[in-house]
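Okay, input09.cif is below, mmCIF, C-alpha atoms and all ligand atoms:
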```
data_structure
loop_
_atom_site.label_atom_id
_atom_site.label_comp_id
_atom_site.auth_asym_id
_atom_site.auth_seq_id
_atom_site.Cartn_x
_atom_site.Cartn_y
_atom_site.Cartn_z
CA MET A 14 99.83 37.73 -250.43
CA LEU A 15 96.45 38.05 -252.05
CA THR A 16 97.56 38.05 -255.66
CA GLN A 17 100.30 35.46 -255.22
CA TRP A 18 100.08 32.06 -256.84
CA HIS A 19 100.12 29.24 -254.29
CA GLN A 20 100.72 25.55 -254.73
CA ASP A 21 97.15 24.86 -253.65
CA MET A 22 96.03 26.51 -256.90
CA ALA A 23 97.92 23.99 -259.01
CA THR A 24 95.71 22.25 -261.55
CA GLY A 25 98.14 19.56 -262.63
CA SER A 26 98.72 21.17 -266.02
CA GLU A 27 101.88 23.18 -266.36
CA ALA A 28 100.49 25.15 -269.30
CA VAL A 29 97.30 26.13 -267.49
CA ASP A 30 99.16 27.00 -264.30
CA LYS A 31 101.48 29.23 -266.30
CA GLN A 32 98.48 31.15 -267.63
CA HIS A 33 97.00 31.42 -264.14
CA LYS A 34 100.27 32.87 -262.85
CA GLU A 35 100.27 35.45 -265.63
CA LEU A 36 96.65 36.30 -264.91
CA LEU A 37 97.44 36.85 -261.23
CA ARG A 38 100.45 38.93 -262.20
CA ARG A 39 98.18 41.26 -264.14
CA VAL A 40 95.74 41.45 -261.23
CA ASP A 41 98.71 42.32 -259.03
CA ASP A 42 99.89 45.05 -261.42
CA LEU A 43 96.44 46.61 -261.25
CA LEU A 44 96.29 46.33 -257.48
CA LYS A 45 99.71 47.97 -257.13
CA GLY A 46 98.71 50.65 -259.61
CA ALA A 47 95.63 51.46 -257.57
CA LYS A 48 97.51 51.46 -254.27
CA ASN A 49 100.24 53.68 -255.70
CA LYS A 50 97.63 56.05 -257.13
CA LYS A 51 98.92 55.80 -260.65
CA GLY A 52 96.18 57.93 -262.14
CA ALA A 53 93.11 57.16 -264.22
CA ASP A 54 94.90 56.63 -267.52
CA GLU A 55 97.37 54.13 -266.16
CA ILE A 56 94.70 52.30 -264.13
CA GLY A 57 92.52 52.15 -267.23
CA ARG A 58 95.41 50.70 -269.20
CA LEU A 59 96.10 48.06 -266.54
CA MET A 60 92.42 47.11 -266.47
CA TRP A 61 92.38 46.72 -270.22
CA PHE A 62 95.53 44.63 -270.05
CA LEU A 63 93.94 42.35 -267.45
CA LYS A 64 90.64 42.11 -269.34
CA LYS A 65 92.44 41.08 -272.51
CA TYR A 66 94.31 38.31 -270.74
CA VAL A 67 91.26 37.04 -268.85
CA ARG A 68 89.30 36.78 -272.09
CA TRP A 69 92.15 35.04 -273.87
CA HIS A 70 92.74 32.56 -271.04
CA PHE A 71 89.04 31.68 -270.75
CA ARG A 72 88.71 31.18 -274.49
CA ASP A 73 91.80 29.02 -274.54
CA GLU A 74 90.48 26.84 -271.74
CA GLU A 75 87.03 26.58 -273.32
CA LYS A 76 88.57 25.59 -276.64
CA LEU A 77 90.51 22.80 -274.92
CA MET A 78 87.32 21.66 -273.18
CA LEU A 79 85.38 21.45 -276.41
CA GLU A 80 88.18 19.58 -278.12
CA ALA A 81 88.41 17.17 -275.22
CA GLY A 82 84.65 16.57 -275.03
CA PHE A 83 84.55 17.75 -271.42
CA PRO A 84 81.00 17.20 -270.07
CA GLY A 85 81.23 20.18 -267.70
CA TYR A 86 81.88 22.63 -270.52
CA HIS A 87 78.69 24.68 -270.26
CA SER A 88 78.68 25.16 -266.51
CA HIS A 89 82.38 25.99 -266.56
CA LYS A 90 81.87 28.51 -269.34
CA THR A 91 79.06 30.11 -267.31
CA GLN A 92 81.49 30.60 -264.43
CA HIS A 93 83.95 32.28 -266.80
CA GLU A 94 81.18 34.59 -268.01
CA ILE A 95 80.30 35.55 -264.44
CA PHE A 96 83.90 36.47 -263.73
CA PHE A 97 84.30 38.35 -266.98
CA ARG A 98 81.23 40.42 -266.11
CA GLU A 99 82.99 41.35 -262.85
CA VAL A 100 85.98 42.60 -264.84
CA LEU A 101 83.63 44.70 -267.00
CA ARG A 102 81.85 45.96 -263.88
CA LEU A 103 85.18 47.05 -262.42
CA GLU A 104 85.90 48.99 -265.60
CA THR A 105 82.51 50.70 -265.42
CA LEU A 106 82.94 51.54 -261.73
CA HIS A 107 86.34 53.00 -262.49
CA ALA A 108 84.90 55.09 -265.33
CA GLU A 109 82.13 56.37 -263.04
CA GLN A 110 84.10 56.88 -259.86
CA GLY A 111 87.56 57.77 -261.11
CA ASP A 112 90.47 56.92 -258.86
CA ASN A 113 88.75 55.10 -256.06
CA THR A 114 91.51 52.95 -254.58
CA LEU A 115 89.27 51.43 -251.89
CA MET A 116 86.74 50.31 -254.48
CA ILE A 117 89.42 48.77 -256.69
CA VAL A 118 91.06 46.98 -253.77
CA ALA A 119 87.67 45.62 -252.62
CA VAL A 120 86.73 44.33 -256.07
CA ILE A 121 90.15 42.82 -256.63
CA THR A 122 90.09 41.10 -253.24
CA ALA A 123 86.80 39.41 -254.18
CA MET A 124 88.20 38.54 -257.62
CA CYS A 125 91.25 36.88 -256.10
CA GLU A 126 89.11 34.73 -253.84
CA TRP A 127 87.03 33.72 -256.84
CA LEU A 128 90.11 32.91 -258.92
CA ARG A 129 91.71 30.88 -256.19
CA SER A 130 88.66 28.70 -255.80
CA HIS A 131 88.08 28.47 -259.57
CA PHE A 132 91.66 27.35 -260.26
CA ASN A 133 91.64 24.95 -257.38
CA LYS A 134 88.25 23.32 -258.02
CA LEU A 135 86.81 23.79 -261.50
CA ASP A 136 90.00 24.10 -263.53
CA LYS A 137 91.50 21.19 -261.66
CA GLU A 138 88.37 19.15 -262.34
CA PHE A 139 88.86 19.73 -266.05
CA ILE A 140 92.55 18.80 -265.97
CA ASP A 141 91.67 15.66 -263.99
CA PHE A 142 89.18 14.79 -266.72
CA LEU A 143 91.90 15.19 -269.36
CA LYS A 144 94.17 12.89 -267.43
CA GLU A 145 91.47 10.32 -266.73
CA THR A 146 90.61 10.18 -270.40
CA GLY A 147 94.26 9.88 -271.41
CA GLN A 148 94.45 13.35 -272.94
CA ASN A 149 97.31 15.76 -272.62
CA GLY A 150 96.76 18.43 -269.99
CA ASN A 151 99.77 20.40 -271.12
CA GLY A 152 98.18 21.54 -274.31
CA ASN A 153 100.79 20.66 -276.88
CA GLY A 154 99.28 22.39 -279.85
CA GLY A 155 96.03 22.99 -278.03
CA HIS A 156 96.97 26.35 -276.58
CA SER A 157 97.14 29.43 -278.70
CA GLU A 158 99.89 31.99 -278.36
CA SER A 159 99.79 34.73 -275.74
CA PRO A 160 97.25 37.47 -276.49
CA ASP A 161 99.80 40.25 -276.63
CA GLY A 162 100.57 41.44 -280.08
CA ASN A 163 98.05 39.13 -281.71
CA GLY A 164 95.22 41.62 -281.66
CA GLU A 165 91.69 41.08 -280.45
CA GLN A 166 89.23 38.73 -282.02
FE FE B 201 91.67 28.88 -265.71
FE FE B 202 88.34 28.01 -265.89
#
```
Output the file's structure as structure tokens, nothing else.
Amino acid sequence: MLTQWHQDMATGSEAVDKQHKELLRRVDDLLKGAKNKKGADEIGRLMWFLKKYVRWHFRDEEKLMLEAGFPGYHSHKTQHEIFFREVLRLETLHAEQGDNTLMIVAVITAMCEWLRSHFNKLDKEFIDFLKETGQNGNGNGGHSESPDGNGEQ
């Protein structure tokens, strides 16, 4: 299934993979919401929920990269920004078009392809760097708590 986590997405870091699974779960909730025609309010809420997690995950990863002195930090961060703009674009399209299930499914399909390749290539590259440099890829102390309930920054 499109939004399902597969072993080929594994980065080698349990902590990062856990976040990726949660991210995909939120994409899946939104996809199901759109397919089940949940209504604009609920879709809007699911989009917000996804956006919040995406932002939190990206920031968490970027923080780990900076701390680790990862040389690919800037180009990786640029990729995160590109994806985040897609999430914002989806929100805008939804605001403009209302309940357009086909549009949501199309955008989410593209997002899932992007995520799959990002997890599998770029995130894995970063985790490999951590391992090669003898750093801990499981983020003991490096990862912040889940975004829920902690408010926005
Ligand atoms: Fe990631
Ligand atoms: Fe990433």
For Thr146 (chain A), please output as a short mmCIF file (atom, residue, chain, number, x, y, z; two decimals) with C-alpha atoms, in the coordinates of the input all residues within 10 Å (counting all atoms listed in the file; exclusion window: fewer than 3 positions along the same chain).
```
data_model
loop_
_atom_site.label_atom_id
_atom_site.label_comp_id
_atom_site.auth_asym_id
_atom_site.auth_seq_id
_atom_site.Cartn_x
_atom_site.Cartn_y
_atom_site.Cartn_z
CA ALA A 81 88.41 17.17 -275.22
CA GLY A 82 84.65 16.57 -275.03
CA PHE A 83 84.55 17.75 -271.42
CA ILE A 140 92.55 18.80 -265.97
CA ASP A 141 91.67 15.66 -263.99
CA PHE A 142 89.18 14.79 -266.72
CA LEU A 143 91.90 15.19 -269.36
CA ASN A 149 97.31 15.76 -272.62
#
```
What lies within 12 Å of Glu109 (chain A) using all atoms listed in the file, ignoring chain neighbours under 5 positions off, as a ChimeraX atom specification?
/A:53,57,102-104,116
When the cut-off is 7 Å and you count only C-alpha atoms and all ligand atoms, which residues lie near ligand FE 201 (chain B), shown as a ChimeraX atom specification?
/A:29,33,70-71,74,132,136
Could the residues of chain A that have an atom at most 12 Å from ligand FE 202 (chain B) be listed as JSON lines, each with its closest atom pair and the distance in Å to one decimal, counting all atoms listed in the file and ordered by chain and ascending residue number?
```
{"residue": "A:Met22", "atom": "CA", "partner": "B:FE202", "partner_atom": "FE", "distance": 11.9}
{"residue": "A:Thr24", "atom": "CA", "partner": "B:FE202", "partner_atom": "FE", "distance": 10.3}
{"residue": "A:Val29", "atom": "CA", "partner": "B:FE202", "partner_atom": "FE", "distance": 9.3}
{"residue": "A:Asp30", "atom": "CA", "partner": "B:FE202", "partner_atom": "FE", "distance": 11.0}
{"residue": "A:Gln32", "atom": "CA", "partner": "B:FE202", "partner_atom": "FE", "distance": 10.8}
{"residue": "A:His33", "atom": "CA", "partner": "B:FE202", "partner_atom": "FE", "distance": 9.5}
{"residue": "A:Leu36", "atom": "CA", "partner": "B:FE202", "partner_atom": "FE", "distance": 11.8}
{"residue": "A:Val67", "atom": "CA", "partner": "B:FE202", "partner_atom": "FE", "distance": 9.9}
{"residue": "A:Arg68", "atom": "CA", "partner": "B:FE202", "partner_atom": "FE", "distance": 10.8}
{"residue": "A:Trp69", "atom": "CA", "partner": "B:FE202", "partner_atom": "FE", "distance": 11.3}
{"residue": "A:His70", "atom": "CA", "partner": "B:FE202", "partner_atom": "FE", "distance": 8.2}
{"residue": "A:Phe71", "atom": "CA", "partner": "B:FE202", "partner_atom": "FE", "distance": 6.1}
{"residue": "A:Arg72", "atom": "CA", "partner": "B:FE202", "partner_atom": "FE", "distance": 9.2}
{"residue": "A:Asp73", "atom": "CA", "partner": "B:FE202", "partner_atom": "FE", "distance": 9.4}
{"residue": "A:Glu74", "atom": "CA", "partner": "B:FE202", "partner_atom": "FE", "distance": 6.3}
{"residue": "A:Glu75", "atom": "CA", "partner": "B:FE202", "partner_atom": "FE", "distance": 7.7}
{"residue": "A:Lys76", "atom": "CA", "partner": "B:FE202", "partner_atom": "FE", "distance": 11.0}
{"residue": "A:Leu77", "atom": "CA", "partner": "B:FE202", "partner_atom": "FE", "distance": 10.6}
{"residue": "A:Met78", "atom": "CA", "partner": "B:FE202", "partner_atom": "FE", "distance": 9.7}
{"residue": "A:Gly85", "atom": "CA", "partner": "B:FE202", "partner_atom": "FE", "distance": 10.7}
{"residue": "A:Tyr86", "atom": "CA", "partner": "B:FE202", "partner_atom": "FE", "distance": 9.6}
{"residue": "A:His87", "atom": "CA", "partner": "B:FE202", "partner_atom": "FE", "distance": 11.1}
{"residue": "A:Ser88", "atom": "CA", "partner": "B:FE202", "partner_atom": "FE", "distance": 10.1}
{"residue": "A:His89", "atom": "CA", "partner": "B:FE202", "partner_atom": "FE", "distance": 6.3}
{"residue": "A:Lys90", "atom": "CA", "partner": "B:FE202", "partner_atom": "FE", "distance": 7.3}
{"residue": "A:Thr91", "atom": "CA", "partner": "B:FE202", "partner_atom": "FE", "distance": 9.6}
{"residue": "A:Gln92", "atom": "CA", "partner": "B:FE202", "partner_atom": "FE", "distance": 7.5}
{"residue": "A:His93", "atom": "CA", "partner": "B:FE202", "partner_atom": "FE", "distance": 6.2}
{"residue": "A:Glu94", "atom": "CA", "partner": "B:FE202", "partner_atom": "FE", "distance": 10.0}
{"residue": "A:Ile95", "atom": "CA", "partner": "B:FE202", "partner_atom": "FE", "distance": 11.1}
{"residue": "A:Phe96", "atom": "CA", "partner": "B:FE202", "partner_atom": "FE", "distance": 9.8}
{"residue": "A:Phe97", "atom": "CA", "partner": "B:FE202", "partner_atom": "FE", "distance": 11.2}
{"residue": "A:Trp127", "atom": "CA", "partner": "B:FE202", "partner_atom": "FE", "distance": 10.8}
{"residue": "A:Leu128", "atom": "CA", "partner": "B:FE202", "partner_atom": "FE", "distance": 8.7}
{"residue": "A:Arg129", "atom": "CA", "partner": "B:FE202", "partner_atom": "FE", "distance": 10.7}
{"residue": "A:Ser130", "atom": "CA", "partner": "B:FE202", "partner_atom": "FE", "distance": 10.1}
{"residue": "A:His131", "atom": "CA", "partner": "B:FE202", "partner_atom": "FE", "distance": 6.3}
{"residue": "A:Phe132", "atom": "CA", "partner": "B:FE202", "partner_atom": "FE", "distance": 6.6}
{"residue": "A:Asn133", "atom": "CA", "partner": "B:FE202", "partner_atom": "FE", "distance": 9.6}
{"residue": "A:Lys134", "atom": "CA", "partner": "B:FE202", "partner_atom": "FE", "distance": 9.2}
{"residue": "A:Leu135", "atom": "CA", "partner": "B:FE202", "partner_atom": "FE", "distance": 6.3}
{"residue": "A:Asp136", "atom": "CA", "partner": "B:FE202", "partner_atom": "FE", "distance": 4.9}
{"residue": "A:Lys137", "atom": "CA", "partner": "B:FE202", "partner_atom": "FE", "distance": 8.6}
{"residue": "A:Glu138", "atom": "CA", "partner": "B:FE202", "partner_atom": "FE", "distance": 9.5}
{"residue": "A:Phe139", "atom": "CA", "partner": "B:FE202", "partner_atom": "FE", "distance": 8.3}
{"residue": "A:Ile140", "atom": "CA", "partner": "B:FE202", "partner_atom": "FE", "distance": 10.1}
```
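Excluding region 60-66 of chain A and any residue on its chain fewer than 6 positions from it, the residues at most 10 Å away by only C-alpha atoms are Gln32, His33, Glu35, Leu36, Leu37, Arg38, Arg39, Val40, Asp41, Asp42, Leu43, Leu44, Gly46, Asp54, Arg72, Phe97, Val100, Leu101, Leu103, Glu104, His107, Ser159, Pro160, Asp161, Gly164 and Glu165 of chain A.
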With only C-alpha atoms as the atoms that count, which of A:Lys50, A:Gly147, A:Cys125, A:Leu79 lies nearest to His19 (chain A)?
A:Cys125
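Take CA of Lys45 (chain A) and CA of Leu15 (chain A): the distance between them is 11.6 Å.
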Do you have the CA of Pro84 (chain A)-CA of Ala123 (chain A) distance handy?
27.9 Å
Go through A:Glu126, A:Gly52, A:Lys144, A:Arg98 and flag the residue nearest Asn113 (chain A), using all atoms listed in the file for the distances.
A:Gly52
